[in-house]
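Quick notes on the structure that follows.
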Amino acid sequence: MERSNQKFLIVGGSSLRGTVKVNGSKNASLPILAGTLLCAGTVKIKDVPHLQDIKNMKDVLTYLGARVECDGKDITVDGSQVQSLEISEELMRRMRASNLVLGSLLARFGYVKMSYPGGCNIGSRPMNLHFKGLKAMGAVIREKFGYITAEAPSGLQGAEIHLDVPSVGATENLMMAAALAQGVTVIRNAAKEPEIEDLQKFLNSMGAKINGAGTDTIKIEGVSELRPTEHTVIPDRIEAGTYMVAAAITKSDITLTNVIPAHLDPLVAKLREAGVKVTVGEESVRVQGAGRPKAVDIKTMPYPGFPTDMQPQMMALLTLAEGTSVITETIFENRFKHVPELRRMGADIYLEGNTAVVRGVPSLSGAYVEASDLRAGAALVLAAMAAEDGTVLDGIEHIDRGYERIEKKYNALGARIIRVSS
Ligand code: UD1
């Protein structure tokens with residue numbers, strides 16, 4: 001990913017107050033945009049956030065011949081002229097999630113050639129489960145010189161697929177591939193994340209026959225074609241969660257609207273355990289932080305366990321807890337890059353393999369720190385808002401991938417964050 005020359009200057013110590021409307025989900029929008037390729041007509045997706053990752057996916061669709069138009073947060077994709085062109089390394093490397101076009105292109109055209117999306121900062125992120133599932137559906141997959149070629153000249157066939165681990169991306173790719181396959185596909189040990197349910201709802205609104213998303217068994221009856229539709233993406237549970245931790249760490253009072261509270265259950269439970277007051281409404285959540293949180297132990301797990309995408313933010317909070325917390329990361333092997341940065345700010349964290357022992361300190365101090373990835377960056381913004389003096393945060397292009405103008409939203413609540421170019 002290209003380095004930007006922008007940084008955040010963050011003055012700590014402000015108290016936040018007010019209401020924030022949560023955006024549509026990035027991780028729901030990405031597979032849904034990839035899924036538009038399944039349809040030879042025009043599909044409208046509503047409430048898509050303005051983020052760099054979304055722009056990257058739009059660039060992939062445009063490159064493949066789709067006509068992509070944006071009107072505010074609504075994106076219209078006309079897939080009638082799409083062809084399965086070779087997708088270059090330059091396009092694929094910009095974003096890991098571009099691998100989600102594999103299933104739809106293969107199902108619609110029977111042929112895909114794309115560069116391997118490569119590793120990323122939080123782990124190696126292989127695609128073996130995507131390939132294993134597609135092979136079970138009759139695809140022939142070759143990997144050579146960093147490129148993946150997948151072929152199914154006579155179409156994909158329904159299959160029984162058991163995922164070794166409940167991979168979100170593999171479940172989504174296989175659902176999209178199976179939507180246009182001949183016969184019935186059953187995905188067992190499927191990921192149960194809310195974004196998978198949203199993908200099912202979107203695909204079914206195009207005429208797909210899928211049920212079971214949200215459980216560990218998803219059944220897909222293939223259909224011969226999919227038709228135009230309109231779909232509104234679900235609210236972003238990770239953006240919401242990050243604002244919830246912001247309220248707790250700055251001892252503030254923030255209300256979030258446009259949320260599906262059930263999707264936030266794992267985080268609500270942990271915040272309450274830490275002594276933070278959380279009031280859950282029908283489509284809103286209010287978080288009131290006061291005093292130091294209590295130490296809590298966290299183990300990241302597939303949904304409905306505690307999300308790995310909230311681990312860095314929660315660690316930022318627990319650096320200020322009374323007592324010692326143990327955080328175990330079970331999903332990604334390299335997701336503690338925020339630890340040395342939090343230490344620079346005065347946190348007391350001991351790392352041993354995939355476990356971090358966080359001994360709470362009474363306060364953090366500002367420092368020069370760097371975001372290594374999206375959620376690590378979000379965690380550093382939180383720590384900096386709670387710190388006693390100013391922080392310079394570098395690497396904010398990672399944050400822009402997943403949070404829309406984060407400084408504007410926080411500043412509207414009373415934070416002091418300035419974006420500077422150097
Ligand atoms: C998605 C999310 C990401 C989140 C992650 C886990 C999107 C765009 N990204 O990523 O924000 O952190 O889910 O909730 O939705 N694995 C394999 N083989 C595979 C595929 C995955 O071993 O073929 C492993 C991975 O290395 C990892 C685990 O499965 O250890 C989970 O990864 P996965 O659920 O696939 O994550 P993504 O879909 O890439």
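In the structure tokens, the first chain shown is A, the next is B, and so on; residue numbers restart at 1 for each chain, and ligands run from 1 in the order shown.
All residues, whether protein, DNA or RNA, that have an atom at most 6 Å from ligand 1 (counting only C-alpha atoms and all ligand atoms) are Asn27, Ala97, Arg125, Pro126, Met127, Asn128, Leu129, His130, Val165, Ser167, Val168, Gly169, Ala170, Thr308, Asp309, Ile331 and Phe332 of chain A.
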Using the selection just defined, write its residues with N, CA and C atoms as a short mmCIF file (atom, residue, chain, number, x, y, z; two decimals), in the first residue's frame.
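Dumped to part06.cif:
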data_model
loop_
_atom_site.label_atom_id
_atom_site.label_comp_id
_atom_site.auth_asym_id
_atom_site.auth_seq_id
_atom_site.Cartn_x
_atom_site.Cartn_y
_atom_site.Cartn_z
N ASN A 27 -17.00 -4.34 5.41
CA ASN A 27 -16.81 -5.76 5.14
C ASN A 27 -18.06 -6.45 4.59
N ALA A 97 -9.09 -7.87 -0.18
CA ALA A 97 -10.45 -8.36 -0.45
C ALA A 97 -10.78 -8.42 -1.95
N ARG A 125 -2.43 -14.90 5.47
CA ARG A 125 -3.75 -14.93 4.85
C ARG A 125 -3.79 -15.76 3.55
N PRO A 126 -3.66 -17.09 3.69
CA PRO A 126 -3.68 -17.97 2.52
C PRO A 126 -5.07 -18.05 1.89
N MET A 127 -5.16 -18.68 0.70
CA MET A 127 -6.46 -18.87 0.03
C MET A 127 -6.77 -20.34 -0.19
N ASN A 128 -6.05 -21.22 0.53
CA ASN A 128 -6.21 -22.65 0.28
C ASN A 128 -7.66 -23.12 0.43
N LEU A 129 -8.39 -22.53 1.37
CA LEU A 129 -9.78 -22.98 1.58
C LEU A 129 -10.70 -22.53 0.45
N HIS A 130 -10.42 -21.35 -0.10
CA HIS A 130 -11.19 -20.89 -1.26
C HIS A 130 -10.97 -21.90 -2.40
N VAL A 165 -11.38 -24.26 8.66
CA VAL A 165 -11.66 -23.18 9.63
C VAL A 165 -12.75 -22.31 9.01
N SER A 167 -13.58 -19.64 7.54
CA SER A 167 -13.05 -18.42 6.91
C SER A 167 -14.19 -17.59 6.33
N VAL A 168 -14.16 -16.30 6.65
CA VAL A 168 -15.19 -15.39 6.15
C VAL A 168 -15.09 -15.28 4.62
N GLY A 169 -13.88 -14.98 4.14
CA GLY A 169 -13.69 -14.78 2.70
C GLY A 169 -14.00 -16.05 1.91
N ALA A 170 -13.56 -17.22 2.40
CA ALA A 170 -13.81 -18.46 1.67
C ALA A 170 -15.32 -18.73 1.63
N THR A 308 -11.67 -10.32 16.12
CA THR A 308 -10.25 -9.93 15.99
C THR A 308 -10.13 -8.47 15.55
N ASP A 309 -11.11 -8.00 14.78
CA ASP A 309 -11.04 -6.60 14.30
C ASP A 309 -11.27 -5.58 15.42
N ILE A 331 -6.95 -15.62 15.65
CA ILE A 331 -7.33 -15.62 14.22
C ILE A 331 -6.14 -15.30 13.31
N PHE A 332 -5.41 -14.25 13.63
CA PHE A 332 -4.28 -13.85 12.78
C PHE A 332 -2.97 -13.92 13.57
#
Original post:
Could you pull out the alpha helix (DSSP H) residues of range 5-109 of chain A from DSSP and send them as a PyMOL selection string?
Top reply: chain A and resi 26-35+52-63+89-93+101-109
Can I get the selection written as a PDB file, in the first residue's frame, with C-alpha atoms?
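As written to disk, result24.pdb reads:
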ATOM      1  CA  LYS A  26     -17.092  -2.005   4.754  1.00  0.00           C
ATOM      2  CA  ASN A  27     -16.810  -5.764   5.143  1.00  0.00           C
ATOM      3  CA  ALA A  28     -20.391  -6.286   3.944  1.00  0.00           C
ATOM      4  CA  SER A  29     -20.011  -3.876   1.010  1.00  0.00           C
ATOM      5  CA  LEU A  30     -16.858  -5.515  -0.390  1.00  0.00           C
ATOM      6  CA  PRO A  31     -18.267  -9.026  -1.050  1.00  0.00           C
ATOM      7  CA  ILE A  32     -21.576  -7.531  -2.204  1.00  0.00           C
ATOM      8  CA  LEU A  33     -19.773  -5.335  -4.748  1.00  0.00           C
ATOM      9  CA  ALA A  34     -17.874  -8.442  -5.897  1.00  0.00           C
ATOM     10  CA  GLY A  35     -21.237 -10.234  -6.089  1.00  0.00           C
ATOM     11  CA  GLN A  52     -10.224   3.661   0.113  1.00  0.00           C
ATOM     12  CA  ASP A  53     -10.970  -0.094   0.181  1.00  0.00           C
ATOM     13  CA  ILE A  54     -14.311   0.521  -1.528  1.00  0.00           C
ATOM     14  CA  LYS A  55     -12.632   2.691  -4.168  1.00  0.00           C
ATOM     15  CA  ASN A  56     -10.159  -0.132  -4.796  1.00  0.00           C
ATOM     16  CA  MET A  57     -13.012  -2.599  -5.317  1.00  0.00           C
ATOM     17  CA  LYS A  58     -14.784  -0.151  -7.658  1.00  0.00           C
ATOM     18  CA  ASP A  59     -11.536   0.113  -9.654  1.00  0.00           C
ATOM     19  CA  VAL A  60     -11.439  -3.687 -10.013  1.00  0.00           C
ATOM     20  CA  LEU A  61     -15.075  -3.744 -11.228  1.00  0.00           C
ATOM     21  CA  THR A  62     -14.455  -0.881 -13.673  1.00  0.00           C
ATOM     22  CA  TYR A  63     -11.330  -2.591 -14.976  1.00  0.00           C
ATOM     23  CA  GLU A  89      -0.698  -7.558  -9.533  1.00  0.00           C
ATOM     24  CA  GLU A  90      -0.971  -3.769  -9.324  1.00  0.00           C
ATOM     25  CA  LEU A  91      -4.767  -3.961  -8.858  1.00  0.00           C
ATOM     26  CA  MET A  92      -4.786  -7.059  -6.653  1.00  0.00           C
ATOM     27  CA  ARG A  93      -2.111  -5.849  -4.268  1.00  0.00           C
ATOM     28  CA  VAL A 101     -14.172 -11.508  -7.304  1.00  0.00           C
ATOM     29  CA  LEU A 102     -12.783 -15.016  -7.901  1.00  0.00           C
ATOM     30  CA  GLY A 103     -16.026 -16.861  -7.073  1.00  0.00           C
ATOM     31  CA  SER A 104     -18.340 -14.616  -9.084  1.00  0.00           C
ATOM     32  CA  LEU A 105     -16.153 -14.401 -12.194  1.00  0.00           C
ATOM     33  CA  LEU A 106     -15.566 -18.143 -12.233  1.00  0.00           C
ATOM     34  CA  ALA A 107     -19.282 -18.870 -11.837  1.00  0.00           C
ATOM     35  CA  ARG A 108     -20.336 -16.454 -14.591  1.00  0.00           C
ATOM     36  CA  PHE A 109     -17.519 -16.909 -17.138  1.00  0.00           C
TER      37      PHE A 109
END
Original post:
Near Ile327 in chain A, counting only C-alpha atoms, which residues have an atom at most 9 Å away, once you skip same-chain residues fewer than 2 positions from it, shown as a list in words?
Top reply: Val296, Asp297, Ile298, Lys299, Thr300, Gln311, Met315, Ser325, Glu329, Asn354, Thr355, Ala356, Val357 and Val358 of chain A
Preceding selection exported with C-alpha atoms as a PDB file, in the first residue's frame:
ATOM      1  CA  VAL A 296     -10.794  -8.307  31.513  1.00  0.00           C
ATOM      2  CA  ASP A 297      -9.437 -11.263  29.556  1.00  0.00           C
ATOM      3  CA  ILE A 298     -10.141 -11.480  25.831  1.00  0.00           C
ATOM      4  CA  LYS A 299      -9.760 -14.281  23.326  1.00  0.00           C
ATOM      5  CA  THR A 300     -10.547 -13.481  19.703  1.00  0.00           C
ATOM      6  CA  GLN A 311      -8.768  -6.617  19.565  1.00  0.00           C
ATOM      7  CA  MET A 315      -6.193  -3.505  24.087  1.00  0.00           C
ATOM      8  CA  SER A 325      -5.710  -8.381  31.323  1.00  0.00           C
ATOM      9  CA  GLU A 329      -5.288 -13.555  19.405  1.00  0.00           C
ATOM     10  CA  ASN A 354      -0.183 -15.046  20.531  1.00  0.00           C
ATOM     11  CA  THR A 355      -0.833 -13.748  24.050  1.00  0.00           C
ATOM     12  CA  ALA A 356      -0.457 -10.229  25.381  1.00  0.00           C
ATOM     13  CA  VAL A 357      -0.394  -9.578  29.094  1.00  0.00           C
ATOM     14  CA  VAL A 358      -1.549  -6.011  29.666  1.00  0.00           C
TER      15      VAL A 358
END
Subject >> Residue contacts of Arg343 in chain A (12 Å, only C-alpha atoms) excluding same-chain residues fewer than 6 positions away, as a list of chain:residue names >> reply: A:Met315, A:Ala316, A:Thr319, A:Leu320, A:Phe336, A:Lys337, A:Ile349, A:Tyr350, A:Leu351, A:Val358, A:Arg359, A:Gly360, A:Val361, A:Ser363, A:Leu364, A:Ser365, A:Gly366, A:Ala367, A:Tyr368, A:Val369, A:Glu370, A:Leu380, A:Ala383
Subject >> Shortest interatomic distance to Ser115 in chain A - which of A:Val22, A:Val285, A:Ile148, A:Val140, counting only C-alpha atoms >> reply: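 Answer, going by the shortest atom-to-atom distance: A:Ile148.
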**OP:** Name the residues of range 125-351 of chain A that come out as strand (DSSP E or B) in a backbone DSSP run; write them as a PyMOL selection string.
**Re:** chain A and resi 140-144+147-151+157+160-162+182+184-188+209-211+213+215+217-221+230-232+235+253-257+277-280+284-288+294+298-300+306+322+324-328+348-351
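The nearest approach to Leu318 in chain A among the residues A:Lys270, A:Lys201, A:Lys277, A:His231, with only C-alpha atoms taken into account, belongs to A:Lys270.
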Original post:
A:Lys219, A:Phe202, A:Val11, A:Ser4: which is nearest Ala415 in chain A, counting only C-alpha atoms?
Top reply: A:Val11
Original post:
Expressed in Å to a single decimal, how great is the separation between CA of Thr217 in chain A and CA of Lys132 in chain A?
Top reply: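 Calculated distance between CA of Thr217 in chain A and CA of Lys132 in chain A is 16.9 Å.
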Using only C-alpha atoms, which protein or nucleic acid residues come within 10 Å of Val381 in chain A? Drop anything in the same chain fewer than 3 positions from it, and give the result as a PDB file with N, CA and C atoms, in the first residue's frame.
ATOM      1  N   PHE A   8      -1.703  12.403  11.640  1.00  0.00           N
ATOM      2  CA  PHE A   8      -2.627  13.029  12.577  1.00  0.00           C
ATOM      3  C   PHE A   8      -1.832  13.629  13.738  1.00  0.00           C
ATOM      4  N   LEU A   9      -2.203  14.855  14.112  1.00  0.00           N
ATOM      5  CA  LEU A   9      -1.735  15.416  15.375  1.00  0.00           C
ATOM      6  C   LEU A   9      -2.926  15.312  16.312  1.00  0.00           C
ATOM      7  N   ILE A  10      -2.753  14.631  17.407  1.00  0.00           N
ATOM      8  CA  ILE A  10      -3.881  14.366  18.306  1.00  0.00           C
ATOM      9  C   ILE A  10      -3.560  14.936  19.686  1.00  0.00           C
ATOM     10  N   GLY A  12      -4.539  14.954  23.391  1.00  0.00           N
ATOM     11  CA  GLY A  12      -5.309  14.076  24.278  1.00  0.00           C
ATOM     12  C   GLY A  12      -6.067  14.838  25.342  1.00  0.00           C
ATOM     13  N   ALA A 246     -14.129   4.252  22.164  1.00  0.00           N
ATOM     14  CA  ALA A 246     -13.726   5.668  22.305  1.00  0.00           C
ATOM     15  C   ALA A 246     -14.422   6.288  23.516  1.00  0.00           C
ATOM     16  N   GLN A 313      -8.243  -2.179  19.477  1.00  0.00           N
ATOM     17  CA  GLN A 313      -8.936  -1.074  20.150  1.00  0.00           C
ATOM     18  C   GLN A 313      -9.181  -1.425  21.620  1.00  0.00           C
ATOM     19  N   ALA A 316      -6.098  -1.105  23.621  1.00  0.00           N
ATOM     20  CA  ALA A 316      -5.816   0.294  23.983  1.00  0.00           C
ATOM     21  C   ALA A 316      -6.564   0.646  25.270  1.00  0.00           C
ATOM     22  N   VAL A 369       4.010   7.842  17.054  1.00  0.00           N
ATOM     23  CA  VAL A 369       3.696   6.423  16.826  1.00  0.00           C
ATOM     24  C   VAL A 369       3.243   6.220  15.387  1.00  0.00           C
ATOM     25  N   ALA A 371       0.882   3.750  12.638  1.00  0.00           N
ATOM     26  CA  ALA A 371      -0.149   2.725  12.392  1.00  0.00           C
ATOM     27  C   ALA A 371       0.394   1.725  11.382  1.00  0.00           C
ATOM     28  N   ARG A 375      -6.821  -1.581  11.956  1.00  0.00           N
ATOM     29  CA  ARG A 375      -7.362  -1.555  13.330  1.00  0.00           C
ATOM     30  C   ARG A 375      -6.303  -1.166  14.355  1.00  0.00           C
ATOM     31  N   ALA A 376      -5.026  -1.468  14.046  1.00  0.00           N
ATOM     32  CA  ALA A 376      -3.948  -0.987  14.920  1.00  0.00           C
ATOM     33  C   ALA A 376      -3.974   0.538  14.924  1.00  0.00           C
ATOM     34  N   GLY A 377      -4.207   1.122  13.753  1.00  0.00           N
ATOM     35  CA  GLY A 377      -4.283   2.578  13.646  1.00  0.00           C
ATOM     36  C   GLY A 377      -5.442   3.125  14.458  1.00  0.00           C
ATOM     37  N   ALA A 378      -6.593   2.450  14.381  1.00  0.00           N
ATOM     38  CA  ALA A 378      -7.763   2.897  15.151  1.00  0.00           C
ATOM     39  C   ALA A 378      -7.458   2.861  16.643  1.00  0.00           C
ATOM     40  N   ALA A 384      -4.356   7.821  21.843  1.00  0.00           N
ATOM     41  CA  ALA A 384      -3.907   9.215  21.789  1.00  0.00           C
ATOM     42  C   ALA A 384      -4.976  10.160  22.335  1.00  0.00           C
ATOM     43  N   MET A 385      -6.258   9.866  22.101  1.00  0.00           N
ATOM     44  CA  MET A 385      -7.320  10.739  22.613  1.00  0.00           C
ATOM     45  C   MET A 385      -7.366  10.691  24.141  1.00  0.00           C
ATOM     46  N   ALA A 386      -6.927   9.540  24.703  1.00  0.00           N
ATOM     47  CA  ALA A 386      -6.972   9.397  26.161  1.00  0.00           C
ATOM     48  C   ALA A 386      -5.659   9.838  26.813  1.00  0.00           C
ATOM     49  N   ALA A 387      -4.615  10.032  25.993  1.00  0.00           N
ATOM     50  CA  ALA A 387      -3.286  10.316  26.560  1.00  0.00           C
ATOM     51  C   ALA A 387      -3.221  11.730  27.133  1.00  0.00           C
ATOM     52  N   THR A 391       0.037  13.581  20.492  1.00  0.00           N
ATOM     53  CA  THR A 391       0.593  12.429  19.778  1.00  0.00           C
ATOM     54  C   THR A 391       0.691  12.771  18.295  1.00  0.00           C
ATOM     55  N   VAL A 392       1.755  12.312  17.655  1.00  0.00           N
ATOM     56  CA  VAL A 392       1.843  12.378  16.196  1.00  0.00           C
ATOM     57  C   VAL A 392       1.651  10.948  15.701  1.00  0.00           C
ATOM     58  N   LEU A 393       0.646  10.767  14.855  1.00  0.00           N
ATOM     59  CA  LEU A 393       0.350   9.415  14.360  1.00  0.00           C
ATOM     60  C   LEU A 393       0.625   9.350  12.866  1.00  0.00           C
ATOM     61  N   ILE A 396      -1.370   6.961   8.506  1.00  0.00           N
ATOM     62  CA  ILE A 396      -2.837   7.047   8.628  1.00  0.00           C
ATOM     63  C   ILE A 396      -3.564   6.618   7.355  1.00  0.00           C
ATOM     64  N   ILE A 399      -5.702   3.833   8.203  1.00  0.00           N
ATOM     65  CA  ILE A 399      -6.967   4.164   8.885  1.00  0.00           C
ATOM     66  C   ILE A 399      -8.015   4.592   7.855  1.00  0.00           C
ATOM     67  N   ILE A 406     -12.234   9.880   9.857  1.00  0.00           N
ATOM     68  CA  ILE A 406     -12.373   9.565  11.283  1.00  0.00           C
ATOM     69  C   ILE A 406     -12.204  10.825  12.130  1.00  0.00           C
ATOM     70  N   GLU A 407     -11.287  11.730  11.708  1.00  0.00           N
ATOM     71  CA  GLU A 407     -11.022  12.908  12.551  1.00  0.00           C
ATOM     72  C   GLU A 407     -12.232  13.829  12.588  1.00  0.00           C
ATOM     73  N   TYR A 410     -14.767  12.290  15.088  1.00  0.00           N
ATOM     74  CA  TYR A 410     -14.337  12.439  16.481  1.00  0.00           C
ATOM     75  C   TYR A 410     -14.348  13.914  16.894  1.00  0.00           C
ATOM     76  N   ILE A 417      -8.244  16.472  16.760  1.00  0.00           N
ATOM     77  CA  ILE A 417      -7.382  15.711  15.840  1.00  0.00           C
ATOM     78  C   ILE A 417      -7.202  16.555  14.576  1.00  0.00           C
TER      79      ILE A 417
END
